[in-house]
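**Student:** I'm passing along final23.pdb; it holds PDB, C-alpha atoms.
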```
ATOM      1  CA  MET A   1     132.112  93.229 142.853  1.00  0.00           C
ATOM      2  CA  ASP A   2     132.122  91.399 146.169  1.00  0.00           C
ATOM      3  CA  ILE A   3     133.274  87.780 146.092  1.00  0.00           C
ATOM      4  CA  ASN A   4     130.025  86.739 147.812  1.00  0.00           C
ATOM      5  CA  ASP A   5     128.006  88.307 144.983  1.00  0.00           C
ATOM      6  CA  LYS A   6     129.940  86.188 142.479  1.00  0.00           C
ATOM      7  CA  ALA A   7     129.335  83.046 144.531  1.00  0.00           C
ATOM      8  CA  PHE A   8     125.567  83.489 144.754  1.00  0.00           C
ATOM      9  CA  ARG A   9     124.910  85.089 141.372  1.00  0.00           C
ATOM     10  CA  LYS A  10     123.051  82.809 138.956  1.00  0.00           C
ATOM     11  CA  PRO A  11     124.644  82.093 135.580  1.00  0.00           C
ATOM     12  CA  PHE A  12     123.081  83.945 132.662  1.00  0.00           C
ATOM     13  CA  ARG A  13     121.605  80.766 131.173  1.00  0.00           C
ATOM     14  CA  LEU A  14     119.737  80.015 134.412  1.00  0.00           C
ATOM     15  CA  ARG A  15     118.340  83.557 134.525  1.00  0.00           C
ATOM     16  CA  ILE A  16     117.167  83.482 130.910  1.00  0.00           C
ATOM     17  CA  LEU A  17     115.557  80.017 131.060  1.00  0.00           C
ATOM     18  CA  PRO A  18     112.289  81.173 132.726  1.00  0.00           C
ATOM     19  CA  VAL A  19     111.905  83.917 130.099  1.00  0.00           C
ATOM     20  CA  LEU A  20     112.516  81.462 127.272  1.00  0.00           C
ATOM     21  CA  SER A  21     110.084  79.003 128.837  1.00  0.00           C
ATOM     22  CA  VAL A  22     107.236  81.548 129.006  1.00  0.00           C
ATOM     23  CA  CYS A  23     107.949  82.895 125.518  1.00  0.00           C
ATOM     24  CA  GLY A  24     108.089  79.370 124.106  1.00  0.00           C
ATOM     25  CA  PHE A  25     104.768  78.509 125.724  1.00  0.00           C
ATOM     26  CA  LEU A  26     103.095  81.625 124.291  1.00  0.00           C
ATOM     27  CA  ILE A  27     104.507  80.965 120.804  1.00  0.00           C
ATOM     28  CA  LEU A  28     103.342  77.341 120.894  1.00  0.00           C
ATOM     29  CA  TRP A  29      99.918  78.501 122.089  1.00  0.00           C
ATOM     30  CA  GLN A  30      99.682  80.989 119.221  1.00  0.00           C
ATOM     31  CA  ILE A  31     100.717  78.375 116.651  1.00  0.00           C
ATOM     32  CA  CYS A  32      98.115  75.876 117.889  1.00  0.00           C
ATOM     33  CA  ILE A  33      95.167  78.271 117.357  1.00  0.00           C
ATOM     34  CA  ALA A  34      93.565  78.256 113.917  1.00  0.00           C
ATOM     35  CA  PRO A  35      92.232  81.570 112.529  1.00  0.00           C
ATOM     36  CA  PRO A  36      88.476  81.884 111.890  1.00  0.00           C
ATOM     37  CA  ASP A  37      87.169  79.984 108.844  1.00  0.00           C
ATOM     38  CA  VAL A  38      90.263  77.747 108.743  1.00  0.00           C
ATOM     39  CA  GLU A  39      89.865  74.025 109.295  1.00  0.00           C
ATOM     40  CA  ASP A  40      93.047  72.060 109.865  1.00  0.00           C
ATOM     41  CA  TRP A  41      94.786  70.227 112.699  1.00  0.00           C
ATOM     42  CA  ARG A  42      94.858  73.311 114.916  1.00  0.00           C
ATOM     43  CA  ILE A  43      92.379  74.232 117.652  1.00  0.00           C
ATOM     44  CA  PRO A  44      89.545  76.482 116.402  1.00  0.00           C
ATOM     45  CA  SER A  45      89.608  80.017 117.778  1.00  0.00           C
ATOM     46  CA  THR A  46      85.989  79.515 118.883  1.00  0.00           C
ATOM     47  CA  LEU A  47      87.240  76.986 121.465  1.00  0.00           C
ATOM     48  CA  LEU A  48      90.462  78.682 122.600  1.00  0.00           C
ATOM     49  CA  THR A  49      91.533  82.293 122.073  1.00  0.00           C
ATOM     50  CA  SER A  50      95.073  83.028 120.946  1.00  0.00           C
ATOM     51  CA  PRO A  51      97.413  85.093 123.171  1.00  0.00           C
ATOM     52  CA  LEU A  52      97.539  87.874 120.564  1.00  0.00           C
ATOM     53  CA  ASP A  53      93.745  88.165 120.648  1.00  0.00           C
ATOM     54  CA  VAL A  54      93.828  88.260 124.448  1.00  0.00           C
ATOM     55  CA  LEU A  55      96.423  91.047 124.366  1.00  0.00           C
ATOM     56  CA  ARG A  56      94.482  92.962 121.705  1.00  0.00           C
ATOM     57  CA  LEU A  57      91.234  92.768 123.669  1.00  0.00           C
ATOM     58  CA  MET A  58      92.968  93.743 126.915  1.00  0.00           C
ATOM     59  CA  ILE A  59      94.381  96.883 125.276  1.00  0.00           C
ATOM     60  CA  ASP A  60      90.971  97.654 123.771  1.00  0.00           C
ATOM     61  CA  LYS A  61      89.255  97.173 127.152  1.00  0.00           C
ATOM     62  CA  LEU A  62      91.491  99.843 128.711  1.00  0.00           C
ATOM     63  CA  THR A  63      89.500 102.523 126.866  1.00  0.00           C
ATOM     64  CA  ASN A  64      86.395 100.813 125.464  1.00  0.00           C
ATOM     65  CA  PRO A  65      83.534 100.375 127.997  1.00  0.00           C
ATOM     66  CA  ALA A  66      81.576  98.026 125.705  1.00  0.00           C
ATOM     67  CA  PRO A  67      79.893  95.601 126.223  1.00  0.00           C
ATOM     68  CA  ASP A  68      79.429  95.933 130.009  1.00  0.00           C
ATOM     69  CA  GLY A  69      79.729  99.694 130.443  1.00  0.00           C
ATOM     70  CA  ALA A  70      83.068  99.760 132.298  1.00  0.00           C
ATOM     71  CA  VAL A  71      86.723  99.810 131.314  1.00  0.00           C
ATOM     72  CA  LEU A  72      89.358  97.420 132.665  1.00  0.00           C
ATOM     73  CA  LEU A  73      90.622  99.768 135.386  1.00  0.00           C
ATOM     74  CA  GLN A  74      87.095 100.118 136.790  1.00  0.00           C
ATOM     75  CA  HIS A  75      86.792  96.342 137.012  1.00  0.00           C
ATOM     76  CA  ALA A  76      90.211  96.162 138.706  1.00  0.00           C
ATOM     77  CA  TRP A  77      89.179  98.822 141.237  1.00  0.00           C
ATOM     78  CA  VAL A  78      85.990  96.954 142.132  1.00  0.00           C
ATOM     79  CA  SER A  79      87.938  93.689 142.516  1.00  0.00           C
ATOM     80  CA  MET A  80      90.432  95.420 144.816  1.00  0.00           C
ATOM     81  CA  GLN A  81      87.567  96.783 146.933  1.00  0.00           C
ATOM     82  CA  GLU A  82      86.020  93.328 147.252  1.00  0.00           C
ATOM     83  CA  ALA A  83      89.310  91.679 148.200  1.00  0.00           C
ATOM     84  CA  PHE A  84      90.331  94.428 150.644  1.00  0.00           C
ATOM     85  CA  LEU A  85      86.983  94.572 152.437  1.00  0.00           C
ATOM     86  CA  GLY A  86      86.763  90.791 152.761  1.00  0.00           C
ATOM     87  CA  TYR A  87      90.358  90.599 154.005  1.00  0.00           C
ATOM     88  CA  VAL A  88      89.963  93.366 156.593  1.00  0.00           C
ATOM     89  CA  LEU A  89      86.664  91.969 157.885  1.00  0.00           C
ATOM     90  CA  ALA A  90      88.229  88.503 158.208  1.00  0.00           C
ATOM     91  CA  LEU A  91      91.030  89.996 160.314  1.00  0.00           C
ATOM     92  CA  ILE A  92      88.687  92.115 162.442  1.00  0.00           C
ATOM     93  CA  VAL A  93      86.523  89.096 163.307  1.00  0.00           C
ATOM     94  CA  GLY A  94      88.985  86.204 163.034  1.00  0.00           C
ATOM     95  CA  LEU A  95      91.950  87.432 165.057  1.00  0.00           C
ATOM     96  CA  PRO A  96      90.052  88.429 168.241  1.00  0.00           C
ATOM     97  CA  LEU A  97      87.905  85.310 167.970  1.00  0.00           C
ATOM     98  CA  GLY A  98      90.959  83.047 167.670  1.00  0.00           C
ATOM     99  CA  LEU A  99      92.669  84.756 170.605  1.00  0.00           C
ATOM    100  CA  ALA A 100      89.558  84.448 172.755  1.00  0.00           C
ATOM    101  CA  MET A 101      89.011  80.799 171.797  1.00  0.00           C
ATOM    102  CA  GLY A 102      92.617  79.981 172.599  1.00  0.00           C
ATOM    103  CA  TRP A 103      92.599  81.440 176.126  1.00  0.00           C
ATOM    104  CA  PHE A 104      89.051  81.651 177.460  1.00  0.00           C
ATOM    105  CA  THR A 105      87.448  78.264 178.111  1.00  0.00           C
ATOM    106  CA  THR A 106      83.902  79.637 177.991  1.00  0.00           C
ATOM    107  CA  VAL A 107      84.409  81.212 174.566  1.00  0.00           C
ATOM    108  CA  ARG A 108      86.031  78.032 173.279  1.00  0.00           C
ATOM    109  CA  GLY A 109      83.151  75.923 174.548  1.00  0.00           C
ATOM    110  CA  LEU A 110      80.533  78.190 172.964  1.00  0.00           C
ATOM    111  CA  VAL A 111      82.151  79.007 169.634  1.00  0.00           C
ATOM    112  CA  ARG A 112      84.340  76.048 168.692  1.00  0.00           C
ATOM    113  CA  PRO A 113      81.510  73.540 167.998  1.00  0.00           C
ATOM    114  CA  ILE A 114      79.836  75.975 165.602  1.00  0.00           C
ATOM    115  CA  PHE A 115      83.175  76.873 164.007  1.00  0.00           C
ATOM    116  CA  GLU A 116      84.035  73.191 163.508  1.00  0.00           C
ATOM    117  CA  ILE A 117      80.710  72.659 161.738  1.00  0.00           C
ATOM    118  CA  ILE A 118      81.265  75.569 159.350  1.00  0.00           C
ATOM    119  CA  ARG A 119      85.039  75.162 158.837  1.00  0.00           C
ATOM    120  CA  PRO A 120      85.039  72.086 156.533  1.00  0.00           C
ATOM    121  CA  ILE A 121      82.557  73.662 154.101  1.00  0.00           C
ATOM    122  CA  PRO A 122      84.486  75.089 151.136  1.00  0.00           C
ATOM    123  CA  PRO A 123      83.758  78.768 150.394  1.00  0.00           C
ATOM    124  CA  VAL A 124      82.584  77.876 146.879  1.00  0.00           C
ATOM    125  CA  ALA A 125      79.742  75.839 148.380  1.00  0.00           C
ATOM    126  CA  TRP A 126      78.375  79.015 149.975  1.00  0.00           C
ATOM    127  CA  ILE A 127      77.905  80.781 146.637  1.00  0.00           C
ATOM    128  CA  PRO A 128      74.269  79.680 145.989  1.00  0.00           C
ATOM    129  CA  LEU A 129      73.181  80.753 149.486  1.00  0.00           C
ATOM    130  CA  THR A 130      75.176  83.962 149.192  1.00  0.00           C
ATOM    131  CA  ILE A 131      73.423  84.876 145.952  1.00  0.00           C
ATOM    132  CA  PHE A 132      70.090  84.144 147.628  1.00  0.00           C
ATOM    133  CA  TRP A 133      70.954  86.241 150.700  1.00  0.00           C
ATOM    134  CA  PHE A 134      72.921  89.160 149.198  1.00  0.00           C
ATOM    135  CA  GLY A 135      72.397  89.011 145.426  1.00  0.00           C
ATOM    136  CA  ILE A 136      75.337  89.301 143.028  1.00  0.00           C
ATOM    137  CA  GLY A 137      76.539  92.722 144.178  1.00  0.00           C
ATOM    138  CA  LEU A 138      79.441  93.780 146.368  1.00  0.00           C
ATOM    139  CA  PRO A 139      78.145  92.420 149.728  1.00  0.00           C
ATOM    140  CA  GLY A 140      77.853  88.848 148.456  1.00  0.00           C
ATOM    141  CA  LYS A 141      81.369  88.820 147.011  1.00  0.00           C
ATOM    142  CA  VAL A 142      82.812  90.353 150.175  1.00  0.00           C
ATOM    143  CA  PHE A 143      80.992  87.691 152.217  1.00  0.00           C
ATOM    144  CA  ILE A 144      82.607  84.859 150.207  1.00  0.00           C
ATOM    145  CA  ILE A 145      86.074  86.403 150.597  1.00  0.00           C
ATOM    146  CA  TRP A 146      85.402  86.914 154.313  1.00  0.00           C
ATOM    147  CA  LEU A 147      84.463  83.248 154.692  1.00  0.00           C
ATOM    148  CA  SER A 148      87.638  82.227 152.881  1.00  0.00           C
ATOM    149  CA  GLY A 149      89.807  84.387 155.140  1.00  0.00           C
ATOM    150  CA  ILE A 150      88.256  83.949 158.563  1.00  0.00           C
ATOM    151  CA  VAL A 151      88.997  80.207 158.834  1.00  0.00           C
ATOM    152  CA  PRO A 152      92.806  80.479 158.612  1.00  0.00           C
ATOM    153  CA  CYS A 153      92.696  83.585 160.828  1.00  0.00           C
ATOM    154  CA  VAL A 154      90.879  81.768 163.615  1.00  0.00           C
ATOM    155  CA  ILE A 155      92.850  78.518 163.306  1.00  0.00           C
ATOM    156  CA  ASN A 156      96.288  80.169 163.235  1.00  0.00           C
ATOM    157  CA  THR A 157      95.539  82.575 166.067  1.00  0.00           C
ATOM    158  CA  TYR A 158      93.949  79.857 168.216  1.00  0.00           C
ATOM    159  CA  THR A 159      96.940  77.562 167.623  1.00  0.00           C
ATOM    160  CA  GLY A 160      99.357  80.367 168.480  1.00  0.00           C
ATOM    161  CA  VAL A 161      97.697  80.950 171.850  1.00  0.00           C
ATOM    162  CA  ARG A 162      97.549  77.232 172.641  1.00  0.00           C
ATOM    163  CA  MET A 163     101.273  76.891 171.831  1.00  0.00           C
ATOM    164  CA  THR A 164     102.240  79.403 174.536  1.00  0.00           C
ATOM    165  CA  ASN A 165     104.949  77.953 176.749  1.00  0.00           C
ATOM    166  CA  PRO A 166     103.208  76.701 179.929  1.00  0.00           C
ATOM    167  CA  VAL A 167     106.360  77.478 181.950  1.00  0.00           C
ATOM    168  CA  HIS A 168     105.871  81.180 181.196  1.00  0.00           C
ATOM    169  CA  ILE A 169     102.233  80.987 182.281  1.00  0.00           C
ATOM    170  CA  GLN A 170     103.084  79.205 185.524  1.00  0.00           C
ATOM    171  CA  MET A 171     105.849  81.696 186.252  1.00  0.00           C
ATOM    172  CA  ALA A 172     103.443  84.585 185.747  1.00  0.00           C
ATOM    173  CA  ARG A 173     100.908  82.961 188.077  1.00  0.00           C
ATOM    174  CA  THR A 174     103.667  82.510 190.675  1.00  0.00           C
ATOM    175  CA  TYR A 175     104.270  86.249 190.586  1.00  0.00           C
ATOM    176  CA  GLY A 176     100.557  86.942 191.040  1.00  0.00           C
ATOM    177  CA  ALA A 177      99.563  87.895 187.495  1.00  0.00           C
ATOM    178  CA  SER A 178      95.861  87.758 186.696  1.00  0.00           C
ATOM    179  CA  ASP A 179      94.426  85.753 183.813  1.00  0.00           C
ATOM    180  CA  TRP A 180      93.918  88.932 181.799  1.00  0.00           C
ATOM    181  CA  GLN A 181      97.519  90.046 182.407  1.00  0.00           C
ATOM    182  CA  ILE A 182      98.814  86.629 181.358  1.00  0.00           C
ATOM    183  CA  PHE A 183      96.656  86.742 178.249  1.00  0.00           C
ATOM    184  CA  THR A 184      97.711  90.235 177.175  1.00  0.00           C
ATOM    185  CA  THR A 185     101.393  90.132 178.114  1.00  0.00           C
ATOM    186  CA  ILE A 186     102.325  86.486 177.468  1.00  0.00           C
ATOM    187  CA  CYS A 187      99.791  84.701 175.255  1.00  0.00           C
ATOM    188  CA  VAL A 188      99.204  87.444 172.700  1.00  0.00           C
ATOM    189  CA  PRO A 189     102.934  88.142 172.070  1.00  0.00           C
ATOM    190  CA  SER A 190     103.590  84.393 171.960  1.00  0.00           C
ATOM    191  CA  ALA A 191     100.869  83.945 169.332  1.00  0.00           C
ATOM    192  CA  LEU A 192     102.215  86.711 167.035  1.00  0.00           C
ATOM    193  CA  PRO A 193     104.202  84.386 164.706  1.00  0.00           C
ATOM    194  CA  MET A 194     101.060  82.371 164.013  1.00  0.00           C
ATOM    195  CA  VAL A 195      99.053  85.608 163.740  1.00  0.00           C
ATOM    196  CA  PHE A 196     101.388  86.841 161.011  1.00  0.00           C
ATOM    197  CA  GLY A 197     100.858  83.497 159.286  1.00  0.00           C
ATOM    198  CA  ALA A 198      97.126  84.218 159.419  1.00  0.00           C
ATOM    199  CA  LEU A 199      97.705  87.678 157.936  1.00  0.00           C
ATOM    200  CA  GLN A 200      99.546  86.079 155.066  1.00  0.00           C
TER     201      GLN A 200
END
```
Take the structure I supplied and represent it as structure tokens, if you would.

**Tutor:**
Amino acid sequence: MDINDKAFRKPFRLRILPVLSVCGFLILWQICIAPPDVEDWRIPSTLLTSPLDVLRLMIDKLTNPAPDGAVLLQHAWVSMQEAFLGYVLALIVGLPLGLAMGWFTTVRGLVRPIFEIIRPIPPVAWIPLTIFWFGIGLPGKVFIIWLSGIVPCVINTYTGVRMTNPVHIQMARTYGASDWQIFTTICVPSALPMVFGALQ
């Protein structure tokens, strides 16, 4: 074993502590839940389900479509579709919009006031209107996820373009580069760290 591995390897007690912590929490949770028809100091199972019941129902839901007509994997697949579509749409709209707002004054003047009005509204506040517009199906859920993702996409990308070193821009202008060349070859690469933050 390398000496560096020994120096940075955690002691066994530090590696086992998180496992013991989670197991202890689950055991305490199980102890604090009273079975049905039992009245004592514990929390009734009608108010809080025990971890064993949660595990039992999760295993049952893997194969049993009752009561909603779908098993757990079907629900997981639909959730993944909603999250993926909302995420991709936020990137498709947010990244170009942030780049354009950061470099083109006309776009910034037209879009930023509207964006600043919408930005402070939390995505949860859009749920009633979303249900009214799209119903409770896939489009409405994708719209909420899109709203949640587009704000950081635009802000990070816009900030990345605005943080471009002005010396590089002036040097490019000195050599006769057009605004579009400066944007594509200097501003966009300079904004990539913030863009990757937006992707995250």

**Student:** Which of these, A:Val38, A:Ala90, A:Val78, A:Met163, has the shortest distance to Leu192 in chain A once you count only C-alpha atoms?

**Tutor:**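 The shortest atom-to-atom distance to Leu192 in chain A comes from A:Met163.
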
**Student:** Name all residues at most 7 Å from Cys153 in chain A (count only C-alpha atoms; drop same-chain ones fewer than 3 positions away) and give them as a PyMOL selection string.

**Tutor:** chain A and resi 91+94-95+149-150+156-157+198

**Student:** If the PyMOL selection byres ((chain A and resi 99-109) around 6) is run on the structure shown, which residues does it catch, given as a ChimeraX atom specification?

**Tutor:** /A:96-98,110-112,157-158,161-162

**Student:** Could you give me, as a tab-separated table, a per-residue list for range 52-122 of chain A showing, wherever an atom lies at most 9 Å from an atom of range 140-145 of chain A, the closest pair of atoms and their distance in Å to one decimal, using all atoms listed in the file and sorting by chain then residue number from low to high?

**Tutor:**
```
residue	atom	partner	partner_atom	distance
A:Gln81	CA	A:Val142	CA	8.6
A:Glu82	CA	A:Val142	CA	5.3
A:Ala83	CA	A:Ile145	CA	6.6
A:Phe84	CA	A:Val142	CA	8.6
A:Leu85	CA	A:Val142	CA	6.3
A:Gly86	CA	A:Val142	CA	4.7
A:Tyr87	CA	A:Ile145	CA	6.9
A:Leu89	CA	A:Val142	CA	8.8
A:Ala90	CA	A:Ile145	CA	8.2
```

**Student:** Each side padded by 5 Å, which centre and which edge lengths in Å (one decimal) define the axis-aligned box around the listed atoms of range 63-70 of chain A? Give them as AutoDock Vina command-line options.

**Tutor:**
```
--center_x 84.5 --center_y 99.1 --center_z 128.9 --size_x 20.1 --size_y 16.9 --size_z 16.8
```

**Student:** Determine the residue membership of the PyMOL selection byres ((chain A and resi 47-53) around 7) for the file above and supply it as number ranges by chain.

**Tutor:** A: 26, 29-30, 33, 43-46, 54-57

**Student:** To one decimal place, how far is CA of Phe183 in chain A from CA of Ile117 in chain A in Å?

**Tutor:**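 It comes out at 26.9 Å.
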
**Student:** One decimal, in Å: what's the spacing between CA of Phe115 in chain A and CA of Val154 in chain A?

**Tutor:** 9.1 Å

**Student:** How many Å separate CA of Pro65 in chain A from CA of Ala34 in chain A?

**Tutor:**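 Interatomic distance here is 28.1 Å.
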
**Student:** Taking all atoms listed in the file into account, which of A:Ser148, A:Ser21, A:Ser190, A:Gln200 comes nearest His168 in chain A?

**Tutor:** A:Ser190

**Student:** Pick the closest to Ile118 in chain A from A:Met194, A:Val71, A:Val151, A:Cys32: which is it, counting all atoms listed in the file?

**Tutor:**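 Counting all atoms listed in the file, the residue closest to Ile118 in chain A is A:Val151.
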
**Student:** Atoms are missing here; could range 84-110 of chain A be completed with N, CA, C and O atoms and written as an mmCIF file, in the frame of the given file?

**Tutor:**
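As a result, result33.cif now contains:
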```
data_model
loop_
_atom_site.group_PDB
_atom_site.id
_atom_site.type_symbol
_atom_site.label_atom_id
_atom_site.label_comp_id
_atom_site.auth_asym_id
_atom_site.auth_seq_id
_atom_site.Cartn_x
_atom_site.Cartn_y
_atom_site.Cartn_z
ATOM 1 N N PHE A 84 89.878 93.696 149.464
ATOM 2 C CA PHE A 84 90.331 94.428 150.644
ATOM 3 C C PHE A 84 89.283 94.375 151.759
ATOM 4 O O PHE A 84 89.619 94.119 152.924
ATOM 5 N N LEU A 85 88.034 94.597 151.415
ATOM 6 C CA LEU A 85 86.983 94.572 152.437
ATOM 7 C C LEU A 85 86.850 93.191 153.065
ATOM 8 O O LEU A 85 86.741 93.049 154.289
ATOM 9 N N GLY A 86 86.853 92.152 152.233
ATOM 10 C CA GLY A 86 86.763 90.791 152.761
ATOM 11 C C GLY A 86 87.937 90.447 153.651
ATOM 12 O O GLY A 86 87.783 89.831 154.718
ATOM 13 N N TYR A 87 89.143 90.868 153.235
ATOM 14 C CA TYR A 87 90.358 90.599 154.005
ATOM 15 C C TYR A 87 90.312 91.305 155.363
ATOM 16 O O TYR A 87 90.565 90.698 156.405
ATOM 17 N N VAL A 88 89.983 92.594 155.348
ATOM 18 C CA VAL A 88 89.963 93.366 156.593
ATOM 19 C C VAL A 88 88.890 92.829 157.547
ATOM 20 O O VAL A 88 89.129 92.693 158.758
ATOM 21 N N LEU A 89 87.718 92.510 157.027
ATOM 22 C CA LEU A 89 86.664 91.969 157.885
ATOM 23 C C LEU A 89 87.062 90.623 158.479
ATOM 24 O O LEU A 89 86.745 90.321 159.633
ATOM 25 N N ALA A 90 87.761 89.793 157.691
ATOM 26 C CA ALA A 90 88.229 88.503 158.208
ATOM 27 C C ALA A 90 89.215 88.713 159.349
ATOM 28 O O ALA A 90 89.172 87.985 160.360
ATOM 29 N N LEU A 91 90.083 89.712 159.234
ATOM 30 C CA LEU A 91 91.030 89.996 160.314
ATOM 31 C C LEU A 91 90.317 90.555 161.544
ATOM 32 O O LEU A 91 90.616 90.154 162.683
ATOM 33 N N ILE A 92 89.379 91.475 161.320
ATOM 34 C CA ILE A 92 88.687 92.115 162.442
ATOM 35 C C ILE A 92 87.909 91.090 163.264
ATOM 36 O O ILE A 92 87.851 91.166 164.499
ATOM 37 N N VAL A 93 87.309 90.109 162.592
ATOM 38 C CA VAL A 93 86.523 89.096 163.307
ATOM 39 C C VAL A 93 87.395 87.915 163.721
ATOM 40 O O VAL A 93 87.307 87.417 164.847
ATOM 41 N N GLY A 94 88.256 87.447 162.811
ATOM 42 C CA GLY A 94 88.985 86.204 163.034
ATOM 43 C C GLY A 94 90.066 86.278 164.090
ATOM 44 O O GLY A 94 90.204 85.351 164.906
ATOM 45 N N LEU A 95 90.844 87.358 164.096
ATOM 46 C CA LEU A 95 91.950 87.432 165.057
ATOM 47 C C LEU A 95 91.464 87.511 166.508
ATOM 48 O O LEU A 95 91.915 86.721 167.348
ATOM 49 N N PRO A 96 90.544 88.428 166.848
ATOM 50 C CA PRO A 96 90.052 88.429 168.241
ATOM 51 C C PRO A 96 89.351 87.128 168.621
ATOM 52 O O PRO A 96 89.482 86.653 169.760
ATOM 53 N N LEU A 97 88.610 86.557 167.664
ATOM 54 C CA LEU A 97 87.905 85.310 167.970
ATOM 55 C C LEU A 97 88.893 84.180 168.235
ATOM 56 O O LEU A 97 88.714 83.391 169.182
ATOM 57 N N GLY A 98 89.947 84.085 167.444
ATOM 58 C CA GLY A 98 90.959 83.047 167.670
ATOM 59 C C GLY A 98 91.690 83.232 168.983
ATOM 60 O O GLY A 98 91.952 82.260 169.700
ATOM 61 N N LEU A 99 92.019 84.486 169.319
ATOM 62 C CA LEU A 99 92.669 84.756 170.605
ATOM 63 C C LEU A 99 91.767 84.376 171.772
ATOM 64 O O LEU A 99 92.208 83.738 172.739
ATOM 65 N N ALA A 100 90.495 84.757 171.673
ATOM 66 C CA ALA A 100 89.558 84.448 172.755
ATOM 67 C C ALA A 100 89.326 82.944 172.875
ATOM 68 O O ALA A 100 89.273 82.403 173.992
ATOM 69 N N MET A 101 89.211 82.247 171.745
ATOM 70 C CA MET A 101 89.011 80.799 171.797
ATOM 71 C C MET A 101 90.225 80.094 172.384
ATOM 72 O O MET A 101 90.095 79.076 173.065
ATOM 73 N N GLY A 102 91.412 80.633 172.107
ATOM 74 C CA GLY A 102 92.617 79.981 172.599
ATOM 75 C C GLY A 102 92.818 80.115 174.094
ATOM 76 O O GLY A 102 93.405 79.235 174.728
ATOM 77 N N TRP A 103 92.312 81.198 174.710
ATOM 78 C CA TRP A 103 92.599 81.440 176.126
ATOM 79 C C TRP A 103 91.386 81.247 177.031
ATOM 80 O O TRP A 103 91.509 80.679 178.112
ATOM 81 N N PHE A 104 90.223 81.692 176.589
ATOM 82 C CA PHE A 104 89.051 81.651 177.460
ATOM 83 C C PHE A 104 88.249 80.380 177.202
ATOM 84 O O PHE A 104 87.733 80.156 176.106
ATOM 85 N N THR A 105 88.125 79.560 178.241
ATOM 86 C CA THR A 105 87.448 78.264 178.111
ATOM 87 C C THR A 105 85.985 78.430 177.734
ATOM 88 O O THR A 105 85.451 77.652 176.934
ATOM 89 N N THR A 106 85.324 79.417 178.279
ATOM 90 C CA THR A 106 83.902 79.637 177.991
ATOM 91 C C THR A 106 83.695 79.967 176.520
ATOM 92 O O THR A 106 82.791 79.413 175.869
ATOM 93 N N VAL A 107 84.531 80.860 175.988
ATOM 94 C CA VAL A 107 84.409 81.212 174.566
ATOM 95 C C VAL A 107 84.680 80.002 173.697
ATOM 96 O O VAL A 107 83.971 79.746 172.714
ATOM 97 N N ARG A 108 85.709 79.229 174.056
ATOM 98 C CA ARG A 108 86.031 78.032 173.279
ATOM 99 C C ARG A 108 84.882 77.040 173.305
ATOM 100 O O ARG A 108 84.539 76.440 172.283
ATOM 101 N N GLY A 109 84.261 76.860 174.461
ATOM 102 C CA GLY A 109 83.151 75.923 174.548
ATOM 103 C C GLY A 109 81.937 76.366 173.764
ATOM 104 O O GLY A 109 81.206 75.529 173.217
ATOM 105 N N LEU A 110 81.703 77.682 173.687
ATOM 106 C CA LEU A 110 80.533 78.190 172.964
ATOM 107 C C LEU A 110 80.744 78.251 171.456
ATOM 108 O O LEU A 110 79.850 77.919 170.682
#
```
